[in-house]
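Working notes for the structure below.
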Amino acid sequence: MKLEGAGIPTVLVATGELRLLADQTAADLGLAGLRIVSVEHPIGGVPEAAILDRADAVVDEVLGLLTDMAG
Amino acid sequence: MTVDTTGSPTDLLEVDDDADLIEVLASHGWGDGLPVVAPTSERVGAMLAGCNGHDPEEVVASLPPRFGQATRLAIAVNAVMAGCLPDHLPVLVSAVRALAHPDLNLRGVNATTHCVAPLLVVHGDVARTAGYHGGLGAFGPGSRANAATGRALRLILLHVAGATPGDGDASTQGGPAKFGFCVAENLEASPWTGYAASVGVEAPSAVTIHCGEAPHNVHDMESSSPTGILDKVASAMATTAQNNACISQGEYLVALCPEHAATCADAGWSRGDVASYLFQRARLPVGELKRAFAHRAWTPWMQSLQDGEAAPMTGHPDNIRIMVVGGAGRHSSVIPSWGMTRSVTVPVEP
């Protein structure tokens with residue numbers, strides 16, 4: 001959110017369980033329109049391979065949001 | 001009944017005299033679940049007398065995550081709700097200043113899944129004049145000053161900072177310290193200078209905010225030497241179950257009971273000696289810590305330690321904060337910090 005606030009296009013990735021906190025924090029910081037992508041919860045205690053799978057599942061969405069911003 | 005709910009004189013809520021105030025507040029998402037004193041304009045005005053004419057509308061601090069503006073008026077509203085007296089208000093205002101200090105990292109404290117709660121410690125003259133308790137059972141019930149001020153600080157976090165569970169406070173389990181966590185340093189029973197002066201705050205009265213876990217008990221009836229007692233304190237510190245274990249800037253507040261402190265002081269140990277000894281003795285094997293934490297926010301010299309060596313639970317003896325709390329008996333406590341926070345001590349000023 002600091003990056004977005006500094007004018008650097010940003011996509012925030014949050015787990016589903018913490019999405020409410022992410023949305024509210026963005027709004028509190030004046031970034032209600034911040035692009036937020038949800039991934040499966042949790043991150044902690046999950047094998048690295050599973051983390052990579054979760055990243056793969058959303059990477060197109062993240063890139064799409066960044067590309068849309070560029071467009 | 002007209003209730004001042006937000007700290008602004010224009011934000012008044014009309015409530016029937018026979019209404020259930022807890023339910024009225026809950027319908028707005030306010031309160032901590034316990035009964036409150038109705039913050040009527042008259043009561044809030046009387047509370048503000050505790051600030052000796054200082055501007056009620058002045059913003060004392062902006063508190064994350066919502067960055068709500070904590071004016072003296074807003075602080076006074078929550079003080080009334082919690083059951084404070086006007087003498088408690090300067091302590092509460094000063095505590096809010098400490099909460100907002102950048103070193104404390106209140107945004108992180110509220111956002112983490114950890115059970116951290118801000119512990120408010122009251123030092124010096126105001127502890128005596130306003131009734132703060134540092135003696136027998138100090139962390140428990142019985143003192144209006146401790147209970148009401150600790151609760152008021154939490155109400156400020158809920159109502160002004162927006163630290164509501166879910167969208168403003170992500171704590172996995174919460175914790176009883178999140179209802180209220182306030183105590184006085186027992187300066188009369190301390191063999192050492194006051195804690196505030198020891199960290200460079202020379203004032204008749206001061207407050208410290210230490211963001212940590214609930215107290216971990218240390219029982220020692222047997223030892224007649226500092227080392228016996230402090231080895232048990234060290235054992236309470238040395239666990240992989242704390243955030244501090246992988247964050248070398250983490251602090252430990254060690255609240256020694258008067259009898260344990262006297263045993264140390266009678267042997268010629270200063271507060272600094274106690275901290276240095278605990279720094280040496282509260283250690284775990286590096287290999288064990290590496291197995292427990294793939295990533296460690298350790299200072300570079302700790303990162304260089306080899307598996308067969310013992311790593312301290314924090315990066316510097318100064319991170320082990322010593323003060324005297326409690327009454328008769330031989331039970332002390334360790335309060336590990338959340339890790340990514342530093343305790344803050346400020347003078348009490350209205």
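Ordering of the structure tokens sets the chain letters (A, B, ...), residue numbers begin anew at 1 in every chain, and ligands are numbered from 1 in the order given.
Selecting chain B residues within 6 Å of chain A and counting only C-alpha atoms yields Arg66, Asp167 and Gly168 of chain B.
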Store the residues picked out above in a file with N, CA and C atoms, as a PDB file, in the first residue's frame.
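So out.pdb came out as:
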ATOM      1  N   ARG B  66      -7.346   3.111  11.316  1.00  0.00           N
ATOM      2  CA  ARG B  66      -8.277   4.028  10.659  1.00  0.00           C
ATOM      3  C   ARG B  66      -7.720   5.444  10.583  1.00  0.00           C
ATOM      4  N   ASP B 167     -11.858  -6.440  10.651  1.00  0.00           N
ATOM      5  CA  ASP B 167     -11.415  -5.463   9.653  1.00  0.00           C
ATOM      6  C   ASP B 167     -10.362  -4.497  10.176  1.00  0.00           C
ATOM      7  N   GLY B 168     -10.025  -4.588  11.480  1.00  0.00           N
ATOM      8  CA  GLY B 168      -9.012  -3.683  12.010  1.00  0.00           C
ATOM      9  C   GLY B 168      -8.053  -4.347  12.977  1.00  0.00           C
TER      10      GLY B 168
END
Alpha helix (DSSP H) per DSSP on the backbone: members of chain A, as a tab-separated table (two decimals) with N, CA and C atoms, in the first residue's frame:
chain	number	residue	atom	x	y	z
A	2	LYS	N	2.05	1.17	0.61
A	2	LYS	CA	2.97	2.31	0.57
A	2	LYS	C	3.41	2.57	-0.87
A	3	LEU	N	3.62	1.48	-1.63
A	3	LEU	CA	4.03	1.64	-3.03
A	3	LEU	C	2.94	2.34	-3.83
A	4	GLU	N	1.70	1.87	-3.66
A	4	GLU	CA	0.59	2.48	-4.38
A	4	GLU	C	0.45	3.94	-3.98
A	5	GLY	N	0.57	4.19	-2.67
A	5	GLY	CA	0.47	5.56	-2.19
A	5	GLY	C	1.56	6.45	-2.76
A	19	ARG	N	-8.87	-10.94	3.72
A	19	ARG	CA	-9.28	-9.98	2.69
A	19	ARG	C	-10.02	-8.79	3.30
A	20	LEU	N	-10.84	-9.04	4.31
A	20	LEU	CA	-11.58	-7.95	4.94
A	20	LEU	C	-10.62	-6.92	5.53
A	21	LEU	N	-9.59	-7.43	6.21
A	21	LEU	CA	-8.57	-6.54	6.79
A	21	LEU	C	-7.86	-5.75	5.70
A	22	ALA	N	-7.54	-6.43	4.60
A	22	ALA	CA	-6.85	-5.75	3.49
A	22	ALA	C	-7.73	-4.66	2.89
A	23	ASP	N	-9.01	-4.97	2.67
A	23	ASP	CA	-9.92	-3.98	2.11
A	23	ASP	C	-10.06	-2.76	3.03
A	24	GLN	N	-10.22	-3.03	4.33
A	24	GLN	CA	-10.43	-1.93	5.28
A	24	GLN	C	-9.16	-1.10	5.42
A	25	THR	N	-8.00	-1.77	5.46
A	25	THR	CA	-6.74	-1.04	5.59
A	25	THR	C	-6.52	-0.15	4.38
A	26	ALA	N	-6.81	-0.67	3.20
A	26	ALA	CA	-6.67	0.14	1.99
A	26	ALA	C	-7.58	1.36	2.06
A	27	ALA	N	-8.82	1.13	2.50
A	27	ALA	CA	-9.76	2.26	2.60
A	27	ALA	C	-9.27	3.28	3.62
A	28	ASP	N	-8.75	2.78	4.76
A	28	ASP	CA	-8.24	3.68	5.80
A	28	ASP	C	-7.11	4.55	5.29
A	48	GLU	N	6.38	-24.99	0.16
A	48	GLU	CA	6.71	-24.01	-0.87
A	48	GLU	C	6.04	-24.36	-2.21
A	49	ALA	N	5.97	-25.65	-2.51
A	49	ALA	CA	5.35	-26.05	-3.78
A	49	ALA	C	3.89	-25.61	-3.85
A	50	ALA	N	3.20	-25.72	-2.72
A	50	ALA	CA	1.79	-25.30	-2.68
A	50	ALA	C	1.67	-23.78	-2.82
A	51	ILE	N	2.63	-23.08	-2.24
A	51	ILE	CA	2.62	-21.62	-2.37
A	51	ILE	C	2.80	-21.24	-3.84
A	52	LEU	N	3.71	-21.94	-4.51
A	52	LEU	CA	3.94	-21.64	-5.93
A	52	LEU	C	2.68	-21.94	-6.75
A	53	ASP	N	1.98	-23.02	-6.39
A	53	ASP	CA	0.73	-23.33	-7.09
A	53	ASP	C	-0.28	-22.19	-6.93
A	54	ARG	N	-0.35	-21.65	-5.70
A	54	ARG	CA	-1.31	-20.56	-5.45
A	54	ARG	C	-0.90	-19.31	-6.22
A	55	ALA	N	0.39	-19.10	-6.32
A	55	ALA	CA	0.86	-17.95	-7.08
A	55	ALA	C	0.53	-18.13	-8.56
A	56	ASP	N	0.77	-19.36	-9.05
A	56	ASP	CA	0.46	-19.63	-10.46
A	56	ASP	C	-1.03	-19.38	-10.75
A	57	ALA	N	-1.86	-19.71	-9.76
A	57	ALA	CA	-3.32	-19.60	-9.98
A	57	ALA	C	-3.77	-18.15	-10.15
A	58	VAL	N	-3.00	-17.20	-9.64
A	58	VAL	CA	-3.45	-15.80	-9.70
A	58	VAL	C	-2.53	-14.92	-10.54
A	59	VAL	N	-1.45	-15.48	-11.05
A	59	VAL	CA	-0.47	-14.62	-11.71
A	59	VAL	C	-1.08	-13.93	-12.94
A	60	ASP	N	-1.94	-14.63	-13.68
A	60	ASP	CA	-2.55	-13.99	-14.85
A	60	ASP	C	-3.45	-12.83	-14.42
A	61	GLU	N	-4.17	-13.05	-13.33
A	61	GLU	CA	-5.05	-11.98	-12.82
A	61	GLU	C	-4.22	-10.76	-12.40
A	62	VAL	N	-3.10	-11.03	-11.72
A	62	VAL	CA	-2.23	-9.93	-11.27
A	62	VAL	C	-1.67	-9.19	-12.48
A	63	LEU	N	-1.16	-9.96	-13.44
A	63	LEU	CA	-0.59	-9.33	-14.64
A	63	LEU	C	-1.65	-8.56	-15.41
A	64	GLY	N	-2.86	-9.14	-15.45
A	64	GLY	CA	-3.94	-8.47	-16.15
A	64	GLY	C	-4.26	-7.12	-15.53
A	65	LEU	N	-4.29	-7.09	-14.21
A	65	LEU	CA	-4.58	-5.83	-13.52
A	65	LEU	C	-3.47	-4.81	-13.79
A	66	LEU	N	-2.24	-5.28	-13.78
A	66	LEU	CA	-1.12	-4.35	-14.04
A	66	LEU	C	-1.15	-3.88	-15.50
A	67	THR	N	-1.50	-4.80	-16.41
A	67	THR	CA	-1.55	-4.45	-17.83
A	67	THR	C	-2.68	-3.46	-18.09
A	68	ASP	N	-3.84	-3.70	-17.43
A	68	ASP	CA	-4.95	-2.78	-17.58
A	68	ASP	C	-4.57	-1.38	-17.12
A	69	MET	N	-3.77	-1.35	-16.04
A	69	MET	CA	-3.34	-0.05	-15.53
A	69	MET	C	-2.47	0.64	-16.54
A	70	ALA	N	-1.60	-0.16	-17.18
A	70	ALA	CA	-0.68	0.43	-18.16
A	70	ALA	C	-1.45	0.94	-19.36
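Take atom CA of B:Ala234 and atom CA of B:Gly268: the distance between them is 19.4 Å.
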Selected residue, from B:Gly33, B:Pro285, B:Gly53, B:Pro347, that lies nearest to B:Gly200 when counting only C-alpha atoms: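 For B:Gly200, the nearest of the given residues is B:Pro347.
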Between atom CA of B:Arg72 and atom CA of B:Asn52 - distance in Å to one decimal: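 Computed distance, atom CA of B:Asn52 to atom CA of B:Arg72, equals 11.3 Å.
Listed by chain and then by rising number, the residues of stretch 232-339 of chain B that DSSP assigns to strand (DSSP E or B) from the backbone are B:Ile247, B:Tyr252, B:Leu253, B:Val254, B:Ala255, B:Leu256, B:Arg283, B:Leu284, B:Pro285, B:Ala297, B:Ala310, B:Ala311, B:Pro312, B:Ile320, B:Arg321, B:Ile322, B:Met323, B:Val324, B:His331, B:Ser332, B:Ser333, B:Val334, B:Ile335, B:Pro336, B:Ser337.
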Distance query B:Leu73 at most 12 Å, only C-alpha atoms, self and fewer than 5 positions along chain excluded, as JSON, numbers by chain: {"B": [4, 5, 6, 7, 8, 9, 10, 11, 39, 41, 43, 44, 45, 46, 47, 48, 49, 50, 51, 53, 54, 55, 56, 57, 58, 59, 60, 78, 79, 80, 89, 92, 93, 156, 160]}
Near-stretch 312-317 of chain B list (7 Å; only C-alpha atoms; drop same-chain fewer than 2 positions) as a PyMOL selection string: chain B and resi 238+244-245+248-251+275-276+279-280+282-284+299+310+319-320
Go ahead and save the picked residues with C-alpha atoms, as a short mmCIF file (atom, residue, chain, number, x, y, z; two decimals), in the first residue's frame.
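part-v5.cif, freshly written:
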data_model
loop_
_atom_site.label_atom_id
_atom_site.label_comp_id
_atom_site.auth_asym_id
_atom_site.auth_seq_id
_atom_site.Cartn_x
_atom_site.Cartn_y
_atom_site.Cartn_z
CA ALA B 238 13.81 -19.12 26.00
CA ASN B 244 10.83 -12.67 19.65
CA ALA B 245 12.61 -15.94 18.93
CA SER B 248 16.26 -9.89 17.36
CA GLN B 249 14.88 -6.40 18.06
CA GLY B 250 12.18 -7.96 20.24
CA GLU B 251 11.89 -6.87 23.83
CA ALA B 275 19.44 -7.67 32.05
CA SER B 276 22.99 -8.69 31.12
CA PHE B 279 20.87 -11.88 27.91
CA GLN B 280 23.57 -14.48 28.56
CA ALA B 282 18.13 -16.92 27.91
CA ARG B 283 19.46 -18.76 24.87
CA LEU B 284 18.56 -21.61 22.56
CA THR B 299 20.87 -8.75 13.52
CA ALA B 310 23.59 -20.74 21.54
CA ASN B 319 16.00 -5.12 24.98
CA ILE B 320 15.42 -6.80 28.34
#
Surrounding residues of B:Val325 excluding itself and chain neighbours under 4 positions, 9 Å, only C-alpha atoms, as a CSV table (one decimal) with N, CA and C atoms, in the first residue's frame:
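That gives us out15.csv:
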chain,number,residue,atom,x,y,z
B,134,GLY,N,0.4,-1.0,42.1
B,134,GLY,CA,1.5,-1.8,41.6
B,134,GLY,C,1.9,-2.9,42.6
B,135,GLY,N,1.0,-3.1,43.6
B,135,GLY,CA,1.3,-4.0,44.7
B,135,GLY,C,0.7,-5.4,44.5
B,136,LEU,N,0.2,-6.0,45.6
B,136,LEU,CA,-0.3,-7.3,45.5
B,136,LEU,C,-1.4,-7.4,44.5
B,138,ALA,N,-1.3,-6.9,41.3
B,138,ALA,CA,-1.4,-5.6,40.4
B,138,ALA,C,-1.9,-5.9,39.0
B,139,PHE,N,-1.6,-7.0,38.4
B,139,PHE,CA,-2.2,-7.3,37.1
B,139,PHE,C,-3.6,-7.7,37.1
B,183,VAL,N,-1.0,-1.3,34.7
B,183,VAL,CA,-0.5,-1.7,36.0
B,183,VAL,C,0.5,-0.5,36.4
B,184,ALA,N,0.8,-0.4,37.7
B,184,ALA,CA,1.8,0.6,38.1
B,184,ALA,C,3.1,-0.1,38.4
B,185,GLU,N,4.2,0.6,38.2
B,185,GLU,CA,5.4,0.1,38.7
B,185,GLU,C,5.4,0.3,40.2
B,186,ASN,N,5.9,-0.7,41.0
B,186,ASN,CA,5.9,-0.6,42.4
B,186,ASN,C,7.3,0.1,42.8
B,187,LEU,N,7.3,1.4,42.7
B,187,LEU,CA,8.5,2.1,42.9
B,187,LEU,C,8.9,2.0,44.4
B,189,ALA,N,8.7,-0.3,46.4
B,189,ALA,CA,9.3,-1.6,46.8
B,189,ALA,C,10.4,-2.0,45.9
B,190,SER,N,10.8,-1.0,45.0
B,190,SER,CA,11.9,-1.3,44.1
B,190,SER,C,13.3,-1.0,44.7
B,255,ALA,N,8.9,-8.3,34.8
B,255,ALA,CA,8.3,-7.7,36.0
B,255,ALA,C,8.7,-8.5,37.2
B,256,LEU,N,9.7,-8.1,37.9
B,256,LEU,CA,10.2,-8.8,39.0
B,256,LEU,C,9.3,-8.4,40.2
B,257,CYS,N,9.0,-9.4,41.0
B,257,CYS,CA,8.3,-9.1,42.3
B,257,CYS,C,9.3,-8.5,43.3
B,258,PRO,N,8.8,-7.8,44.3
B,258,PRO,CA,9.7,-7.1,45.2
B,258,PRO,C,10.7,-8.1,45.8
B,332,SER,N,7.3,-13.8,39.8
B,332,SER,CA,7.6,-12.7,38.8
B,332,SER,C,6.9,-13.0,37.5
B,333,SER,N,7.1,-12.2,36.5
B,333,SER,CA,6.6,-12.5,35.2
B,333,SER,C,7.4,-12.0,34.1
A:Arg35 environment, 8 Å, only C-alpha atoms, sequence neighbours closer than 3 positions dropped, as a ChimeraX atom specification: /A:10-12,65
Export all heavy atoms of the chosen residues as a PDB file, in the first residue's frame?
ATOM      1  N   THR A  10       0.359  -0.932  -8.115  1.00  0.00           N
ATOM      2  CA  THR A  10       0.545  -2.060  -7.200  1.00  0.00           C
ATOM      3  C   THR A  10      -0.684  -2.965  -7.207  1.00  0.00           C
ATOM      4  O   THR A  10      -1.812  -2.478  -7.317  1.00  0.00           O
ATOM      5  CB  THR A  10       0.754  -1.515  -5.764  1.00  0.00           C
ATOM      6  OG1 THR A  10       1.874  -0.637  -5.762  1.00  0.00           O
ATOM      7  CG2 THR A  10       0.982  -2.641  -4.779  1.00  0.00           C
ATOM      8  N   VAL A  11      -0.442  -4.238  -7.113  1.00  0.00           N
ATOM      9  CA  VAL A  11      -1.508  -5.193  -6.850  1.00  0.00           C
ATOM     10  C   VAL A  11      -1.189  -5.875  -5.526  1.00  0.00           C
ATOM     11  O   VAL A  11      -0.095  -6.416  -5.352  1.00  0.00           O
ATOM     12  CB  VAL A  11      -1.624  -6.252  -7.965  1.00  0.00           C
ATOM     13  CG1 VAL A  11      -2.658  -7.314  -7.592  1.00  0.00           C
ATOM     14  CG2 VAL A  11      -1.986  -5.606  -9.295  1.00  0.00           C
ATOM     15  N   LEU A  12      -2.116  -5.815  -4.600  1.00  0.00           N
ATOM     16  CA  LEU A  12      -1.912  -6.422  -3.285  1.00  0.00           C
ATOM     17  C   LEU A  12      -2.483  -7.832  -3.302  1.00  0.00           C
ATOM     18  O   LEU A  12      -3.606  -8.032  -3.782  1.00  0.00           O
ATOM     19  CB  LEU A  12      -2.595  -5.581  -2.205  1.00  0.00           C
ATOM     20  CG  LEU A  12      -2.336  -5.973  -0.744  1.00  0.00           C
ATOM     21  CD1 LEU A  12      -2.438  -4.729   0.144  1.00  0.00           C
ATOM     22  CD2 LEU A  12      -3.310  -7.034  -0.255  1.00  0.00           C
ATOM     23  N   LEU A  65      -4.289  -7.086 -14.209  1.00  0.00           N
ATOM     24  CA  LEU A  65      -4.578  -5.828 -13.521  1.00  0.00           C
ATOM     25  C   LEU A  65      -3.472  -4.810 -13.786  1.00  0.00           C
ATOM     26  O   LEU A  65      -3.743  -3.627 -14.012  1.00  0.00           O
ATOM     27  CB  LEU A  65      -4.729  -6.075 -12.022  1.00  0.00           C
ATOM     28  CG  LEU A  65      -6.019  -6.773 -11.596  1.00  0.00           C
ATOM     29  CD1 LEU A  65      -5.948  -7.228 -10.152  1.00  0.00           C
ATOM     30  CD2 LEU A  65      -7.214  -5.840 -11.796  1.00  0.00           C
TER      31      LEU A  65
END
Residues within 8 Å of A:Val13, only C-alpha atoms, excluding chain neighbours under 5 positions, as a ChimeraX atom specification: /A:36-39
For atom CA of B:Pro204 and atom CA of B:Ala95, the interatomic separation in Å (one decimal): 15.5 Å
